[in-house]
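Shown next: upload_36.txt, given as compact mmCIF, C-alpha atoms.
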# COMPACT_ATOMS: atom_id res chain seq x y z
CA MET F 296 108.50 114.87 97.96
CA GLU F 297 110.24 112.87 95.26
CA ALA F 298 108.20 111.37 92.44
CA LEU F 299 106.71 107.97 93.25
CA SER F 300 105.48 105.69 90.25
CA LEU F 301 102.64 103.31 89.82
CA ARG F 302 101.53 100.18 88.06
CA ARG F 303 98.02 98.78 87.92
CA THR F 304 97.50 95.03 88.02
CA PRO F 305 94.52 92.75 87.43
CA ALA F 306 94.32 92.15 91.19
CA ASP F 307 93.80 95.88 91.74
CA GLY F 308 90.13 95.97 90.81
CA PRO F 309 88.01 98.95 91.83
CA SER F 310 86.53 98.75 95.32
CA PRO F 311 82.75 98.71 95.50
CA ALA F 312 83.01 101.10 98.44
CA ALA F 313 85.63 103.61 97.33
CA PRO F 314 84.93 106.00 94.42
CA GLU F 315 88.63 105.89 93.49
CA SER F 316 91.03 102.97 93.35
CA PHE F 317 94.23 103.47 95.31
CA ALA F 318 96.07 104.10 92.07
CA GLU F 319 93.58 106.78 91.04
CA ASN F 320 93.79 108.38 94.48
CA LEU F 321 97.57 108.61 94.25
CA ALA F 322 97.31 110.16 90.80
CA SER F 323 94.77 112.72 92.01
CA HIS F 324 97.34 113.84 94.62
CA GLY F 325 100.09 114.05 92.01
CA LEU F 326 101.85 111.00 93.48
CA GLU F 327 103.37 107.92 91.92
CA LEU F 328 104.57 104.82 93.77
CA VAL F 329 108.02 103.42 92.89
CA ARG F 330 110.77 101.69 94.79
CA ALA F 331 113.57 103.58 96.51
CA GLU F 332 116.84 101.97 97.65
CA THR F 333 116.04 98.64 99.27
CA ALA F 334 117.31 98.28 102.84
CA ILE F 335 115.11 95.51 104.27
CA LEU F 336 114.76 91.86 103.33
CA GLN F 337 111.55 90.40 104.74
CA VAL F 338 111.40 86.61 104.76
CA ASN F 339 108.00 84.91 105.12
CA VAL F 340 108.92 81.38 106.16
CA GLY F 341 105.41 79.99 105.79
CA LEU F 342 101.74 79.98 106.69
CA LEU F 343 101.87 77.35 109.42
CA CYS F 344 100.63 78.86 112.69
CA ASN F 345 99.23 77.58 115.98
CA GLN F 346 96.59 80.33 115.92
CA ARG F 347 93.81 81.11 113.48
CA CYS F 348 93.31 84.83 114.04
CA ARG F 349 90.32 86.58 112.53
CA HIS F 350 92.40 89.53 111.36
CA CYS F 351 95.16 87.50 109.64
CA HIS F 352 95.86 88.81 106.13
CA LEU F 353 97.61 85.55 105.23
CA ALA F 354 94.87 83.22 106.52
CA ALA F 355 97.61 81.35 108.41
CA GLY F 356 96.68 78.50 110.73
CA PRO F 357 97.42 75.00 112.04
CA GLU F 358 96.07 73.41 108.85
CA ARG F 359 98.46 75.27 106.52
CA ALA F 360 101.30 73.15 105.13
CA GLU F 361 103.20 75.95 103.34
CA VAL F 362 106.63 76.24 104.99
CA MET F 363 110.02 77.22 103.64
CA SER F 364 112.21 74.29 102.59
CA ALA F 365 115.91 73.92 103.41
CA ALA F 366 116.75 74.55 99.74
CA THR F 367 114.81 77.84 99.74
CA MET F 368 116.49 78.86 103.00
CA ASP F 369 119.81 78.29 101.23
CA ALA F 370 118.70 80.51 98.33
CA VAL F 371 117.49 83.27 100.68
CA ALA F 372 120.70 83.20 102.72
CA ALA F 373 122.73 83.42 99.51
CA TYR F 374 120.66 86.40 98.36
CA ALA F 375 121.14 88.14 101.73
CA LYS F 376 124.88 87.58 101.41
CA ARG F 377 124.91 89.06 97.90
CA CYS F 378 122.98 92.16 98.89
CA ARG F 379 123.94 92.88 102.51
CA PHE F 380 120.66 94.42 103.60
CA ALA F 381 120.53 96.69 106.65
CA VAL F 382 117.68 94.66 108.17
CA ILE F 383 116.44 91.08 107.78
CA ASP F 384 112.89 90.59 109.05
CA VAL F 385 111.67 86.99 109.54
CA THR F 386 107.91 86.53 109.63
CA GLY F 387 105.13 83.97 109.01
CA GLY F 388 102.73 82.37 110.03
CA ALA F 389 104.51 81.45 113.21
CA PRO F 390 108.22 81.29 112.30
CA GLU F 391 109.05 79.32 115.46
CA LEU F 392 107.14 76.29 114.11
CA VAL F 393 109.11 76.06 110.86
CA PRO F 394 111.70 73.24 110.85
CA GLY F 395 115.27 74.49 110.70
CA LEU F 396 114.49 78.02 111.92
CA ALA F 397 117.31 78.18 114.49
CA GLY F 398 119.95 77.22 111.93
CA PHE F 399 118.46 79.65 109.43
CA LEU F 400 118.74 82.50 111.94
CA GLU F 401 122.34 81.50 112.71
CA ARG F 402 123.15 81.93 109.01
CA LEU F 403 121.27 85.21 108.61
CA ALA F 404 122.57 86.96 111.73
CA PRO F 405 126.06 87.80 110.35
CA LEU F 406 124.56 89.09 107.09
CA ALA F 407 122.75 92.20 108.42
CA PRO F 408 123.27 94.66 111.26
CA ARG F 409 119.72 93.99 112.46
CA LEU F 410 117.83 90.69 112.49
CA MET F 411 114.15 90.70 113.48
CA LEU F 412 111.62 87.95 114.12
CA ARG F 413 107.85 88.38 114.40
CA SER F 414 106.19 86.18 117.02
CA ASN F 415 102.65 85.65 118.27
CA LEU F 416 104.32 84.52 121.55
CA THR F 417 102.11 81.45 121.96
CA ALA F 418 104.19 79.69 119.29
CA LEU F 419 107.32 80.75 121.17
CA ALA F 420 105.83 79.07 124.25
CA GLU F 421 105.89 75.83 122.25
CA ARG F 422 109.55 76.40 121.27
CA GLU F 423 110.85 78.19 124.36
CA HIS F 424 114.42 77.01 123.72
CA LEU F 425 114.54 79.54 120.87
CA ILE F 426 114.76 82.39 123.39
CA GLU F 427 118.40 81.46 124.01
CA VAL F 428 119.03 81.52 120.25
CA PHE F 429 117.33 84.91 119.90
CA SER F 430 119.32 86.35 122.79
CA ARG F 431 122.67 85.02 121.60
CA LEU F 432 122.10 86.34 118.06
CA ARG F 433 120.68 89.65 119.35
CA VAL F 434 117.45 89.11 117.42
CA THR F 435 114.87 91.86 117.81
CA VAL F 436 111.59 90.20 118.84
CA VAL F 437 108.43 91.83 117.47
CA ALA F 438 105.53 90.36 119.40
CA SER F 439 101.78 90.48 118.83
CA PHE F 440 99.92 92.10 121.72
CA PRO F 441 96.33 93.02 120.84
CA ALA F 442 95.24 94.51 124.17
CA THR F 443 95.73 94.56 127.93
CA ASN F 444 92.20 93.19 128.15
CA ARG F 445 91.90 89.39 128.35
CA GLY F 446 88.51 89.28 126.64
CA GLN F 447 89.60 91.38 123.66
CA THR F 448 92.80 89.39 123.15
CA ASP F 449 91.18 85.97 123.39
CA ALA F 450 88.30 87.04 121.13
CA GLN F 451 90.77 88.01 118.40
CA ARG F 452 93.33 85.24 118.81
CA GLY F 453 91.78 82.32 120.74
CA ASP F 454 91.04 81.16 124.27
CA GLY F 455 94.01 81.28 126.62
CA VAL F 456 96.16 83.46 124.35
CA PHE F 457 96.21 86.37 126.81
CA GLU F 458 97.68 84.39 129.71
CA THR F 459 100.25 82.66 127.50
CA THR F 460 101.24 86.02 126.01
CA LEU F 461 101.84 87.51 129.46
CA ALA F 462 103.86 84.46 130.51
CA MET F 463 106.11 84.73 127.46
CA LEU F 464 106.59 88.48 127.91
CA ARG F 465 107.77 87.75 131.46
CA ARG F 466 110.09 85.04 130.16
CA LEU F 467 111.55 87.40 127.56
CA ASN F 468 112.02 90.07 130.23
CA GLU F 469 113.88 87.49 132.35
CA ALA F 470 116.22 86.92 129.40
CA GLY F 471 116.84 90.69 129.25
CA TYR F 472 114.44 91.55 126.44
CA GLY F 473 112.77 94.94 126.84
CA ARG F 474 114.96 95.83 129.81
CA GLU F 475 116.89 99.09 129.66
CA GLY F 476 120.58 98.64 128.90
CA SER F 477 120.30 95.01 127.77
CA GLY F 478 120.49 95.78 124.06
CA LEU F 479 117.74 93.19 123.51
CA GLU F 480 114.80 94.85 121.80
CA LEU F 481 111.24 93.69 122.45
CA ASP F 482 108.66 95.52 120.36
CA LEU F 483 104.91 95.01 120.60
CA VAL F 484 102.39 95.22 117.75
CA SER F 485 98.71 95.88 118.36
CA ASN F 486 95.93 95.50 115.80
CA PRO F 487 92.29 96.50 116.40
CA THR F 488 89.91 93.65 117.20
CA GLY F 489 87.25 94.83 114.73
CA ALA F 490 86.45 96.94 111.68
CA PHE F 491 87.86 100.20 112.98
CA LEU F 492 91.14 102.11 112.89
CA PRO F 493 93.75 101.85 115.66
CA PRO F 494 94.23 104.55 118.30
CA GLY F 495 97.13 106.99 118.12
CA GLN F 496 100.41 105.12 118.54
CA ALA F 497 102.07 107.44 121.07
CA GLN F 498 99.05 107.49 123.38
CA ALA F 499 98.55 103.72 123.07
CA GLU F 500 102.20 103.05 123.86
CA GLU F 501 102.09 105.23 126.96
CA ARG F 502 98.92 103.54 128.24
CA ILE F 503 100.05 99.96 127.55
CA ARG F 504 103.51 100.60 129.00
CA ARG F 505 101.93 101.93 132.18
CA GLU F 506 99.42 99.09 132.50
CA LEU F 507 101.91 96.28 131.80
CA ALA F 508 104.35 97.69 134.34
CA ARG F 509 101.75 98.32 137.04
CA LYS F 510 99.72 95.11 136.71
CA TRP F 511 102.36 92.56 135.67
CA ASP F 512 105.81 94.20 135.98
CA ILE F 513 106.38 93.69 132.26
CA ALA F 514 108.60 95.99 130.17
CA PHE F 515 108.99 96.42 126.41
CA SER F 516 110.95 98.65 124.03
CA ARG F 517 108.26 100.23 121.83
CA LEU F 518 104.72 99.70 120.56
CA TYR F 519 103.39 99.86 117.01
CA THR F 520 99.69 100.19 116.21
CA PHE F 521 98.56 99.14 112.73
CA ALA F 522 95.27 99.03 110.87
CA ASN F 523 94.02 95.59 109.88
CA MET F 524 94.53 94.71 106.22
CA PRO F 525 91.35 94.04 104.17
CA VAL F 526 93.02 90.88 102.86
CA GLY F 527 92.78 87.17 103.58
CA ARG F 528 90.76 86.01 106.58
CA PHE F 529 90.00 89.55 107.74
CA ARG F 530 88.54 90.45 104.36
CA ALA F 531 86.41 87.30 104.44
CA TRP F 532 85.15 88.26 107.92
CA LEU F 533 84.43 91.83 106.81
CA LYS F 534 82.41 90.55 103.86
CA ALA F 535 80.51 87.95 105.89
CA SER F 536 79.68 90.46 108.62
CA GLY F 537 78.56 93.17 106.18
CA ASN F 538 81.45 95.45 107.16
CA LEU F 539 83.59 95.34 104.00
CA ASP F 540 82.22 98.42 102.22
CA GLY F 541 82.17 100.51 105.38
CA TYR F 542 85.70 99.52 106.36
CA LEU F 543 87.10 100.29 102.90
CA GLU F 544 85.34 103.66 102.99
CA LYS F 545 86.85 104.33 106.41
CA LEU F 546 90.36 103.50 105.20
CA ALA F 547 89.99 105.57 102.02
CA GLY F 548 88.57 108.48 104.02
CA ALA F 549 91.63 108.42 106.30
CA PHE F 550 94.09 108.48 103.38
CA ASN F 551 97.11 110.59 104.29
CA PRO F 552 99.31 111.52 101.28
CA CYS F 553 102.17 112.36 103.64
CA THR F 554 102.60 108.66 104.46
CA VAL F 555 103.40 107.62 100.88
CA GLU F 556 107.04 108.61 100.87
CA GLY F 557 107.76 106.40 103.91
CA LEU F 558 105.76 103.32 102.88
CA MET F 559 107.66 100.13 103.64
CA CYS F 560 107.11 98.74 100.13
CA ARG F 561 109.50 101.37 98.82
CA THR F 562 112.50 100.11 100.83
CA LEU F 563 111.57 96.46 101.54
CA VAL F 564 111.58 93.32 99.44
CA SER F 565 109.53 90.35 100.64
CA VAL F 566 110.37 86.75 99.80
CA ASP F 567 107.76 84.04 100.30
CA TRP F 568 108.23 80.44 101.50
CA GLU F 569 108.80 79.28 97.91
CA GLY F 570 111.44 81.94 97.28
CA TYR F 571 109.40 84.29 95.07
CA LEU F 572 109.63 88.04 95.53
CA HIS F 573 107.02 90.67 96.35
CA ASP F 574 107.04 94.35 97.28
CA CYS F 575 105.58 93.66 100.73
CA ASP F 576 103.93 90.93 102.78
CA PHE F 577 100.48 92.28 101.91
CA ASN F 578 101.13 92.12 98.17
CA LEU F 579 102.42 88.62 98.87
CA ALA F 580 99.05 87.78 100.41
CA ARG F 581 97.27 89.21 97.35
CA GLY F 582 99.51 87.32 94.91
CA LEU F 583 101.08 90.51 93.50
CA ALA F 584 104.64 89.82 92.35
CA LEU F 585 107.55 92.22 92.74
CA GLY F 586 107.08 94.97 90.18
CA GLY F 587 104.36 92.85 88.56
CA LYS F 588 106.86 90.18 87.38
CA ARG F 589 107.25 86.76 89.02
CA ARG F 590 110.90 86.25 89.99
CA HIS F 591 112.68 83.79 92.25
CA VAL F 592 115.24 84.94 94.79
CA SER F 593 117.88 82.79 93.08
CA GLN F 594 117.44 84.88 89.91
CA MET F 595 118.26 88.17 91.63
CA ASP F 596 121.84 89.42 91.45
CA GLY F 597 121.08 92.35 93.71
CA PRO F 598 118.24 94.29 95.35
CA PRO F 599 115.29 95.55 93.28
CA ILE F 600 116.13 98.47 91.03
CA PRO F 601 115.09 101.90 92.36
CA GLY F 602 112.31 103.39 90.27
CA THR F 603 110.58 100.05 89.68
CA PRO F 604 106.77 100.54 89.82
CA ILE F 605 104.95 98.91 92.76
CA PRO F 606 101.64 97.08 92.12
CA THR F 607 98.77 98.34 94.29
CA GLY F 608 95.28 97.37 95.42
CA ASP F 609 92.58 98.60 97.80
CA HIS F 610 94.51 97.03 100.69
CA CYS F 611 97.11 99.80 100.25
CA TYR F 612 94.67 102.20 101.87
CA ALA F 613 95.40 100.49 105.21
CA CYS F 614 99.07 101.49 104.92
CA THR F 615 98.23 105.14 104.22
CA ALA F 616 95.42 105.71 106.75
CA GLY F 617 96.20 108.20 109.49
CA ALA F 618 99.82 107.97 110.59
CA GLY F 619 100.40 105.13 108.13
CA PHE F 620 101.95 101.68 108.20
CA THR F 621 105.65 102.18 107.56
Go ahead and render the structure in this file as structure tokens.
Amino acid sequence: MEALSLRRTPADGPSPAAPESFAENLASHGLELVRAETAILQVNVGLLCNQRCRHCHLAAGPERAEVMSAATMDAVAAYAKRCRFAVIDVTGGAPELVPGLAGFLERLAPLAPRLMLRSNLTALAEREHLIEVFSRLRVTVVASFPATNRGQTDAQRGDGVFETTLAMLRRLNEAGYGREGSGLELDLVSNPTGAFLPPGQAQAEERIRRELARKWDIAFSRLYTFANMPVGRFRAWLKASGNLDGYLEKLAGAFNPCTVEGLMCRTLVSVDWEGYLHDCDFNLARGLALGGKRRHVSQMDGPPIPGTPIPTGDHCYACTAGAGFT
């Protein structure tokens, strides 16, 4: 494994539950965390969302007013044109609710071989006309799907979310998404509903694929299972419920050094709704700037320089637990 470098920041205080900070744990394994060649531009277009999920690391919700302006969209599109990333990944909040999203996607689509958008599906139900835009631009849709159980899904995301999610998956299937040979990719993302680690991804994908097909004749391309980040609203819930120390211990205990080389922060740069850069969306949520230095996308002539140290915190344990979060 190549050398990976490391920078400590004030936000990376020691966890009360873990004997070692993430930085110290890396060092004890002879690892450092630095950037590799950047291939992915992730664009967080804002914190406005029609849901208020307990596990949200960004604490997004209907009351949040932070959304990307037209001027910042211009700056991001110009940066994407300068750098020609392999992937552009649009996230939020609920991106569908941000004014000007369709036009923004139209501008981004020619600038990368792959354009992705992350949806909670209930927001897409409020902007269903966007499905035609997604299909025409060949946007990969990455959709939240907590569970095939109505009670679990609604407990995590709100009453009625399960039925709306199924309805939108059917609608996407009708447009060709998730259907073999269509070229329209529909990926699902599942997070645990509580303070525990997700099941194995391969087994979960097989089970959910079987259940969705049998019960609702719904198809999808692939499933990703990720641990919940101890950041934002989920961290507040962990603390209030007395689960914070135990959850951090669980994440630290599941640390897998083999995941470090493939961590997304090494090949991704994240830009927030104001145009400032971070090493990932989780560092964005923690207020950790790219390489520890606050920079606007308009100030960047190219992608981040390989070898730049990546700021860390105890939330990084969630990306390195088990099979990892890559």
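Minimum atom-to-atom distances from F:Thr386, F:Cys614, F:Arg377, F:Gly541 to Met595 (chain F) were compared using all atoms listed in the file, and the lowest value belongs to F:Arg377.
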Legend entry - Protein/DNA/RNA residues near (94.5, 114.0, 108.6), cut 10 Å, all atoms listed in the file, as a PyMOL selection string: chain F and resi 548-553+616-618
Legend entry - For CA of Phe491 (chain F) and CA of Val456 (chain F), the interatomic separation in Å (one decimal): 21.9 Å
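For the pair CA of Pro405 (chain F) and CA of Val566 (chain F), the separation is 18.9 Å.
Across the structure, CA of Gly489 (chain F) and CA of Phe577 (chain F) are spaced 18.6 Å apart.
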Closest atom pairs, region 332-394 of chain F residues within 12 Å of region 600-609 of chain F, only C-alpha atoms, as a tab-separated table:
residue	atom	partner	partner_atom	distance
F:Glu332	CA	F:Pro601	CA	5.6
F:Thr333	CA	F:Pro601	CA	7.7
F:Ala334	CA	F:Pro601	CA	11.3
Store the residues picked out above, limited to C-alpha atoms, as an mmCIF file, keeping the file's coordinate frame.
data_model
loop_
_atom_site.group_PDB
_atom_site.id
_atom_site.type_symbol
_atom_site.label_atom_id
_atom_site.label_comp_id
_atom_site.auth_asym_id
_atom_site.auth_seq_id
_atom_site.Cartn_x
_atom_site.Cartn_y
_atom_site.Cartn_z
ATOM 1 C CA GLU F 332 116.840 101.970 97.650
ATOM 2 C CA THR F 333 116.040 98.640 99.270
ATOM 3 C CA ALA F 334 117.310 98.280 102.840
#
Legend entry - Near-Met463 (chain F) list (12 Å; all atoms listed in the file; drop same-chain fewer than 5 positions) as a list in words: Ser414, Asn415, Leu416, Thr417, Ala418, Leu419, Ala420, Glu421, Arg422, Glu423, His424, Leu425, Ile426, Val436, Ala438, Ser439, Phe440, Val456, Phe457, Glu458, Asn468, Glu469, Ala470, Tyr472, Leu481, Trp511, Ile513 and Ala514 of chain F
Save region 516-544 of chain F of the structure in the block above to a file, with N, CA, C and O atoms included, as a CSV table (one decimal), in the first residue's frame.
chain,number,residue,atom,x,y,z
F,516,SER,N,-30.2,-1.4,-10.0
F,516,SER,CA,-28.9,-1.8,-10.5
F,516,SER,C,-28.0,-2.4,-9.5
F,516,SER,O,-27.5,-3.5,-9.6
F,517,ARG,N,-27.8,-1.7,-8.3
F,517,ARG,CA,-26.9,-2.2,-7.3
F,517,ARG,C,-27.3,-1.5,-5.9
F,517,ARG,O,-27.9,-0.5,-5.9
F,518,LEU,N,-26.9,-2.2,-4.9
F,518,LEU,CA,-27.2,-1.7,-3.5
F,518,LEU,C,-25.9,-1.4,-2.8
F,518,LEU,O,-24.9,-2.1,-2.9
F,519,TYR,N,-25.9,-0.3,-2.0
F,519,TYR,CA,-24.8,0.1,-1.2
F,519,TYR,C,-25.3,0.2,0.3
F,519,TYR,O,-26.3,0.8,0.5
F,520,THR,N,-24.5,-0.5,1.2
F,520,THR,CA,-24.9,-0.3,2.6
F,520,THR,C,-23.8,0.4,3.3
F,520,THR,O,-22.6,0.1,3.2
F,521,PHE,N,-24.2,1.5,4.1
F,521,PHE,CA,-23.2,2.3,4.7
F,521,PHE,C,-23.5,2.5,6.2
F,521,PHE,O,-24.7,2.6,6.6
F,522,ALA,N,-22.5,2.6,7.0
F,522,ALA,CA,-22.7,3.0,8.4
F,522,ALA,C,-23.1,4.4,8.5
F,522,ALA,O,-22.7,5.3,7.7
F,523,ASN,N,-23.9,4.7,9.5
F,523,ASN,CA,-24.3,6.1,9.8
F,523,ASN,C,-23.1,6.9,10.4
F,523,ASN,O,-22.4,6.4,11.2
F,524,MET,N,-23.0,8.1,9.9
F,524,MET,CA,-21.9,9.0,10.4
F,524,MET,C,-22.3,9.6,11.8
F,524,MET,O,-23.4,10.1,11.9
F,525,PRO,N,-21.3,9.5,12.7
F,525,PRO,CA,-21.6,10.2,14.0
F,525,PRO,C,-21.4,11.7,13.9
F,525,PRO,O,-20.5,12.3,14.6
F,526,VAL,N,-22.2,12.3,13.1
F,526,VAL,CA,-22.1,13.7,12.8
F,526,VAL,C,-23.5,14.3,12.7
F,526,VAL,O,-24.4,13.6,12.4
F,527,GLY,N,-23.6,15.6,12.9
F,527,GLY,CA,-24.9,16.2,12.7
F,527,GLY,C,-26.0,15.7,13.6
F,527,GLY,O,-25.9,15.5,14.8
F,528,ARG,N,-27.2,15.5,13.0
F,528,ARG,CA,-28.4,15.1,13.7
F,528,ARG,C,-28.2,13.7,14.3
F,528,ARG,O,-28.7,13.4,15.4
F,529,PHE,N,-27.5,12.8,13.6
F,529,PHE,CA,-27.3,11.5,14.1
F,529,PHE,C,-26.5,11.5,15.4
F,529,PHE,O,-26.7,10.8,16.4
F,530,ARG,N,-25.4,12.3,15.4
F,530,ARG,CA,-24.6,12.5,16.6
F,530,ARG,C,-25.4,13.0,17.7
F,530,ARG,O,-25.3,12.6,18.9
F,531,ALA,N,-26.3,14.0,17.5
F,531,ALA,CA,-27.1,14.6,18.5
F,531,ALA,C,-28.0,13.5,19.1
F,531,ALA,O,-28.2,13.4,20.3
F,532,TRP,N,-28.6,12.7,18.2
F,532,TRP,CA,-29.5,11.6,18.7
F,532,TRP,C,-28.7,10.6,19.5
F,532,TRP,O,-29.2,10.1,20.6
F,533,LEU,N,-27.5,10.2,19.0
F,533,LEU,CA,-26.7,9.3,19.8
F,533,LEU,C,-26.4,9.8,21.2
F,533,LEU,O,-26.5,9.1,22.2
F,534,LYS,N,-26.0,11.1,21.3
F,534,LYS,CA,-25.7,11.7,22.6
F,534,LYS,C,-26.9,11.7,23.5
F,534,LYS,O,-26.9,11.3,24.7
F,535,ALA,N,-28.1,12.1,22.9
F,535,ALA,CA,-29.3,12.2,23.7
F,535,ALA,C,-29.8,10.9,24.2
F,535,ALA,O,-30.4,10.8,25.3
F,536,SER,N,-29.6,9.9,23.4
F,536,SER,CA,-30.1,8.5,23.7
F,536,SER,C,-29.0,7.7,24.5
F,536,SER,O,-29.3,6.6,24.9
F,537,GLY,N,-27.9,8.3,24.8
F,537,GLY,CA,-26.9,7.6,25.6
F,537,GLY,C,-26.1,6.6,24.8
F,537,GLY,O,-25.4,5.7,25.4
F,538,ASN,N,-26.1,6.7,23.5
F,538,ASN,CA,-25.5,5.7,22.6
F,538,ASN,C,-24.2,6.2,22.0
F,538,ASN,O,-23.5,5.4,21.2
F,539,LEU,N,-23.8,7.4,22.2
F,539,LEU,CA,-22.6,8.0,21.5
F,539,LEU,C,-21.4,7.2,21.8
F,539,LEU,O,-20.7,6.7,20.9
F,540,ASP,N,-21.0,7.0,23.1
F,540,ASP,CA,-19.8,6.3,23.4
F,540,ASP,C,-19.8,4.9,22.9
F,540,ASP,O,-18.8,4.4,22.3
F,541,GLY,N,-20.9,4.2,23.0
F,541,GLY,CA,-20.9,2.8,22.6
F,541,GLY,C,-20.8,2.7,21.0
F,541,GLY,O,-20.1,1.8,20.5
F,542,TYR,N,-21.4,3.6,20.3
F,542,TYR,CA,-21.4,3.6,18.9
F,542,TYR,C,-20.0,3.9,18.4
F,542,TYR,O,-19.4,3.3,17.5
F,543,LEU,N,-19.3,4.9,19.0
F,543,LEU,CA,-17.9,5.2,18.6
F,543,LEU,C,-17.0,4.1,18.9
F,543,LEU,O,-16.1,3.8,18.1
F,544,GLU,N,-17.2,3.4,20.0
F,544,GLU,CA,-16.4,2.2,20.3
F,544,GLU,C,-16.6,1.1,19.3
F,544,GLU,O,-15.7,0.4,18.9
